[in-house]
Amino acid sequence: MQGPADPGPTDAPGGSAYRGRFAPSPTGPLHLGSLLAAVASYADARANAGIWLVRMEDLDRTREVPGAADLILRTLSAFGFEWDEAVIHQSLRTDVYRDALDTLAARGLTYPCGCSRTEVARAGRTGPEGPVYPGTCRDGLALGRRARTERFRTPPGALAFEDRIQGPQEQIVDEAAGDFVLRRADGIHAYQLAVVVDDALQGITQVVRGADLLLSTPRQILLQRALGFGQPGYAHAPLILDAQGRKLSKSLAAAPVDARDPLPALRTAWAVLGQAPPPADLHIDAFWTWAIPEWRIARIPARTSAACPSASSPRAPEYFARPSNPRHSDGPQSNRLQGADPDQRHGPSLLREPHTDPGPAPVRDR
């Protein structure tokens with residue numbers, strides 16, 4: 001029988017069927033930081049008898065490395081991940097993003113902006129993620145200015161939500177981010193819009209991802225409300241940083257995980273997530289059979305980052321051990337997102353259902 005300190009794996013809030021996802025960008029092979037996000041989202045979905053999907057966030061084709069998407073899928077398969085529906089690619093879904101943007105524009109919630117990044121950096125004040133747009137074009141383009149981007153009219157006031165790992169969060173979005181971009185100067189739809197549309201049309205009910213996107217979540221909730229979408233639950237796992245404090249995707253330490261020998265990286269990710277250590281003699285074929293019933297999201301430390309474990313040590317450092325009270329391990333219960341460390345089912349009828357790319361077949365049909 002489970003005691004009061006061990007709520008068990010099925011602690012995801014809400015009454016609807018669990019649908020989760022992992023959404024990598026194909027800018028290179030899978031590394032330990034991305035693997036940690038995949039492990040957390042997969043374990044939480046399976047522990048809650050849920051569906052788990054994979055989505056390729058490849059809107060910006062200039063950053064895509066040829067062959068990376070297929071390599072990521074092969075690596076996930078080698079690590080024992082099994083997705084339940086066809087993989088979709090954002091690069092094939094510009095029509096649904098355009099429809100969503102048109103909906104927001106028709107509701108008076110967007111406006112064209114003629115400012116360049118240099119102008120915004122010069123005129124805007126500094127926010128937690130860079131310059132905050134000062135609203136130069138909010139009341140119309142200046143004479144002779146050409147529209148470069150399309151921005152969202154961010155409403156005033158605080159937005160609060162509960163994160164299943166980090167606890168209560170609050171952000172005044174117009175102060176922290178300002179009127180943010182929905183379509184870039186190069187015509188590409190912004191990540192904030194695309195992820196909201198995809199999560200809604202794929203019926204995602206729980207988003208488990210890295211803490212680098214914690215600051216983005218209030219903007220996404222604003223867009224969900226503006227488009228009439230339901231709000232999924234959120235859980236942001238700690239990022240793995242290198243010795244210089246950089247996210248692994250931006251670091252030379254971001255060596256690809258070894259698909260020929262998955263277990264060491266799985267053990268490391270599992271330890272960083274604060275989970276009970278697996279048996280020493282566990283084989284890769286049995287890892288998920290053992291791990292899914294053992295998963296407890298409440299064990300994940302409520303911090304936004306953790307140091308990269310030493311490659312020479314088979315054991316995680318002591319600071320990855322589960323704190324006695326993980327929800328209070330990083331200070332106050334409520335966090336103002338402006339100062340944080342640096343990451344339903346149906347919408348408006350005019351939004352089309354997802355265009356699914358059959359791509360590589362799912363590892364297993366469920």
# chains A, B, ... in the order shown; residues from 1 in each chain; ligands from 1
$ residues_around --residues "Ile292 (chain A)" --least-positions-apart "6" --cutoff "8 Å" --atoms "only C-alpha atoms" --output "ChimeraX atom specification"
/A:43-44,46-47
$ closest_atom_pairs --of "region 46-113 of chain A" --to "region 199-214 of chain A" --cutoff "10 Å" --atoms "only C-alpha atoms" --output "tab-separated table"
residue	atom	partner	partner_atom	distance
A:Gly50	CA	A:Gln206	CA	9.7
A:Ile51	CA	A:Ile204	CA	9.1
A:Trp52	CA	A:Ile204	CA	9.1
A:Leu53	CA	A:Gln202	CA	8.9
A:Arg55	CA	A:Asp199	CA	9.8
A:Ile88	CA	A:Gln202	CA	9.7
A:Val96	CA	A:Leu201	CA	9.5
$ residues_around --residues "Ser116 (chain A)" --least-positions-apart "4" --cutoff "12 Å" --atoms "only C-alpha atoms" --output "list in words"
Val120, Ala121, Arg122, Ala123, Gly124, Tyr133, Thr136, Cys137, Arg145, Arg146, Ala147, Arg148, Thr149, Val181, Arg184, Ala185 and Asp186 of chain A
$ write_last_selection --atoms "C-alpha atoms" --output "PDB file, in the first residue's frame"
ATOM      1  CA  VAL A 120      13.339  46.913 -30.872  1.00  0.00           C
ATOM      2  CA  ALA A 121      16.638  46.299 -29.066  1.00  0.00           C
ATOM      3  CA  ARG A 122      17.405  50.022 -29.153  1.00  0.00           C
ATOM      4  CA  ALA A 123      13.965  51.223 -27.989  1.00  0.00           C
ATOM      5  CA  GLY A 124      12.812  48.372 -25.764  1.00  0.00           C
ATOM      6  CA  TYR A 133       8.789  45.396 -27.560  1.00  0.00           C
ATOM      7  CA  THR A 136       5.804  51.317 -31.378  1.00  0.00           C
ATOM      8  CA  CYS A 137       3.349  50.104 -34.054  1.00  0.00           C
ATOM      9  CA  ARG A 145       6.792  52.007 -42.835  1.00  0.00           C
ATOM     10  CA  ARG A 146       6.269  48.534 -44.290  1.00  0.00           C
ATOM     11  CA  ALA A 147       4.884  45.679 -42.200  1.00  0.00           C
ATOM     12  CA  ARG A 148       7.594  43.179 -41.312  1.00  0.00           C
ATOM     13  CA  THR A 149       5.978  41.025 -38.636  1.00  0.00           C
ATOM     14  CA  VAL A 181       5.632  38.083 -32.663  1.00  0.00           C
ATOM     15  CA  ARG A 184       8.271  36.569 -38.400  1.00  0.00           C
ATOM     16  CA  ALA A 185       9.775  38.924 -40.974  1.00  0.00           C
ATOM     17  CA  ASP A 186      10.777  35.934 -43.113  1.00  0.00           C
TER      18      ASP A 186
END
$ select_by_dssp --residues "region 8-241 of chain A" --states "strand (DSSP E)" --output "ChimeraX atom specification"
/A:19-22,51-56,88-89,110-113,125-127,130-132,149-152,158-163,167-172,181-183,206-210,233-237,239-241
$ closest_residue --among "A:Ser25, A:Phe152, A:Leu76, A:Arg303" --to "Gly108 (chain A)" --atoms "only C-alpha atoms"
A:Phe152
$ select_by_dssp --residues "region 84-132 of chain A" --states "helix (DSSP H, G or I)" --output "ChimeraX atom specification"
/A:90-92,94-106,117-123
$ write_last_selection --atoms "N, CA and C atoms" --output "CSV table (one decimal), in the first residue's frame"
chain,number,residue,atom,x,y,z
A,90,GLN,N,5.8,20.1,-38.4
A,90,GLN,CA,5.3,21.5,-38.5
A,90,GLN,C,5.5,22.1,-39.8
A,91,SER,N,6.5,21.8,-40.5
A,91,SER,CA,6.8,22.4,-41.8
A,91,SER,C,5.7,22.1,-42.9
A,92,LEU,N,4.9,21.1,-42.6
A,92,LEU,CA,3.8,20.7,-43.5
A,92,LEU,C,2.5,21.3,-43.1
A,94,THR,N,1.6,24.7,-42.4
A,94,THR,CA,1.5,26.2,-42.4
A,94,THR,C,0.1,26.7,-42.6
A,95,ASP,N,-0.7,25.8,-43.3
A,95,ASP,CA,-2.1,26.2,-43.5
A,95,ASP,C,-2.9,26.4,-42.2
A,96,VAL,N,-2.7,25.5,-41.2
A,96,VAL,CA,-3.4,25.6,-40.0
A,96,VAL,C,-2.9,26.8,-39.1
A,97,TYR,N,-1.6,27.1,-39.2
A,97,TYR,CA,-1.1,28.3,-38.5
A,97,TYR,C,-1.6,29.6,-39.1
A,98,ARG,N,-1.7,29.6,-40.4
A,98,ARG,CA,-2.2,30.7,-41.1
A,98,ARG,C,-3.7,31.0,-40.7
A,99,ASP,N,-4.5,29.9,-40.7
A,99,ASP,CA,-5.9,30.0,-40.3
A,99,ASP,C,-6.0,30.5,-38.8
A,100,ALA,N,-5.2,30.1,-37.9
A,100,ALA,CA,-5.2,30.6,-36.6
A,100,ALA,C,-4.8,32.0,-36.5
A,101,LEU,N,-3.8,32.4,-37.3
A,101,LEU,CA,-3.4,33.9,-37.3
A,101,LEU,C,-4.6,34.7,-37.9
A,102,ASP,N,-5.2,34.2,-38.9
A,102,ASP,CA,-6.4,34.9,-39.5
A,102,ASP,C,-7.5,35.1,-38.5
A,103,THR,N,-7.7,34.1,-37.7
A,103,THR,CA,-8.7,34.1,-36.6
A,103,THR,C,-8.4,35.2,-35.6
A,104,LEU,N,-7.2,35.2,-35.2
A,104,LEU,CA,-6.8,36.3,-34.2
A,104,LEU,C,-6.9,37.7,-34.8
A,105,ALA,N,-6.5,37.8,-36.0
A,105,ALA,CA,-6.6,39.1,-36.7
A,105,ALA,C,-8.0,39.6,-36.8
A,106,ALA,N,-8.9,38.6,-37.2
A,106,ALA,CA,-10.3,39.0,-37.3
A,106,ALA,C,-10.9,39.4,-36.0
A,117,ARG,N,14.6,44.1,-35.6
A,117,ARG,CA,15.1,43.6,-34.3
A,117,ARG,C,16.1,44.7,-33.7
A,118,THR,N,16.8,45.3,-34.5
A,118,THR,CA,17.8,46.3,-34.1
A,118,THR,C,17.0,47.5,-33.4
A,119,GLU,N,15.9,47.9,-34.1
A,119,GLU,CA,15.1,49.0,-33.5
A,119,GLU,C,14.4,48.6,-32.2
A,120,VAL,N,14.0,47.4,-32.1
A,120,VAL,CA,13.3,46.9,-30.9
A,120,VAL,C,14.4,46.9,-29.8
A,121,ALA,N,15.6,46.4,-30.1
A,121,ALA,CA,16.6,46.3,-29.1
A,121,ALA,C,17.0,47.7,-28.6
A,122,ARG,N,17.0,48.7,-29.5
A,122,ARG,CA,17.4,50.0,-29.2
A,122,ARG,C,16.3,50.7,-28.3
A,123,ALA,N,15.1,50.5,-28.6
A,123,ALA,CA,14.0,51.2,-28.0
A,123,ALA,C,13.4,50.5,-26.8
$ residues_around --residues "region 241-243 of chain A" --least-positions-apart "3" --cutoff "6 Å" --atoms "only C-alpha atoms" --output "list of chain:residue names"
A:Arg246, A:Lys247, A:Leu248, A:Ala307, A:Cys308
$ write_last_selection --atoms "N, CA and C atoms" --output "mmCIF file, in the first residue's frame"
data_model
loop_
_atom_site.group_PDB
_atom_site.id
_atom_site.type_symbol
_atom_site.label_atom_id
_atom_site.label_comp_id
_atom_site.auth_asym_id
_atom_site.auth_seq_id
_atom_site.Cartn_x
_atom_site.Cartn_y
_atom_site.Cartn_z
ATOM 1 N N ARG A 246 25.638 26.636 -19.586
ATOM 2 C CA ARG A 246 24.917 26.735 -20.853
ATOM 3 C C ARG A 246 24.038 25.512 -21.063
ATOM 4 N N LYS A 247 22.892 25.737 -21.702
ATOM 5 C CA LYS A 247 22.028 24.637 -22.101
ATOM 6 C C LYS A 247 22.811 23.711 -23.029
ATOM 7 N N LEU A 248 22.612 22.396 -22.886
ATOM 8 C CA LEU A 248 23.426 21.441 -23.644
ATOM 9 C C LEU A 248 23.311 21.627 -25.153
ATOM 10 N N ALA A 307 23.324 20.613 -13.015
ATOM 11 C CA ALA A 307 24.610 20.473 -13.693
ATOM 12 C C ALA A 307 24.684 19.147 -14.422
ATOM 13 N N CYS A 308 25.395 19.143 -15.537
ATOM 14 C CA CYS A 308 25.568 17.920 -16.308
ATOM 15 C C CYS A 308 26.397 16.923 -15.504
#
$ atom_distance --atom1 "CA of Ala40 (chain A)" --atom2 "CA of Tyr18 (chain A)"
14.3 Å
$ closest_residue --among "A:Gly167, A:Gln220, A:Pro278, A:Leu30" --to "Tyr191 (chain A)" --atoms "only C-alpha atoms"
A:Gln220
$ atom_distance --atom1 "CA of Pro232 (chain A)" --atom2 "CA of Val87 (chain A)"
20.1 Å
$ residues_around --residues "region 56-68 of chain A" --least-positions-apart "4" --cutoff "6 Å" --atoms "only C-alpha atoms" --output "NGL selection string"
:A and (23-29 or 89-91)
$ residues_around --residues "Phe79 (chain A)" --least-positions-apart "4" --cutoff "7 Å" --atoms "only C-alpha atoms" --output "PyMOL selection string"
chain A and resi 75+259+262
$ atom_distance --atom1 "CA of Glu170 (chain A)" --atom2 "CA of Ala17 (chain A)"
26.9 Å
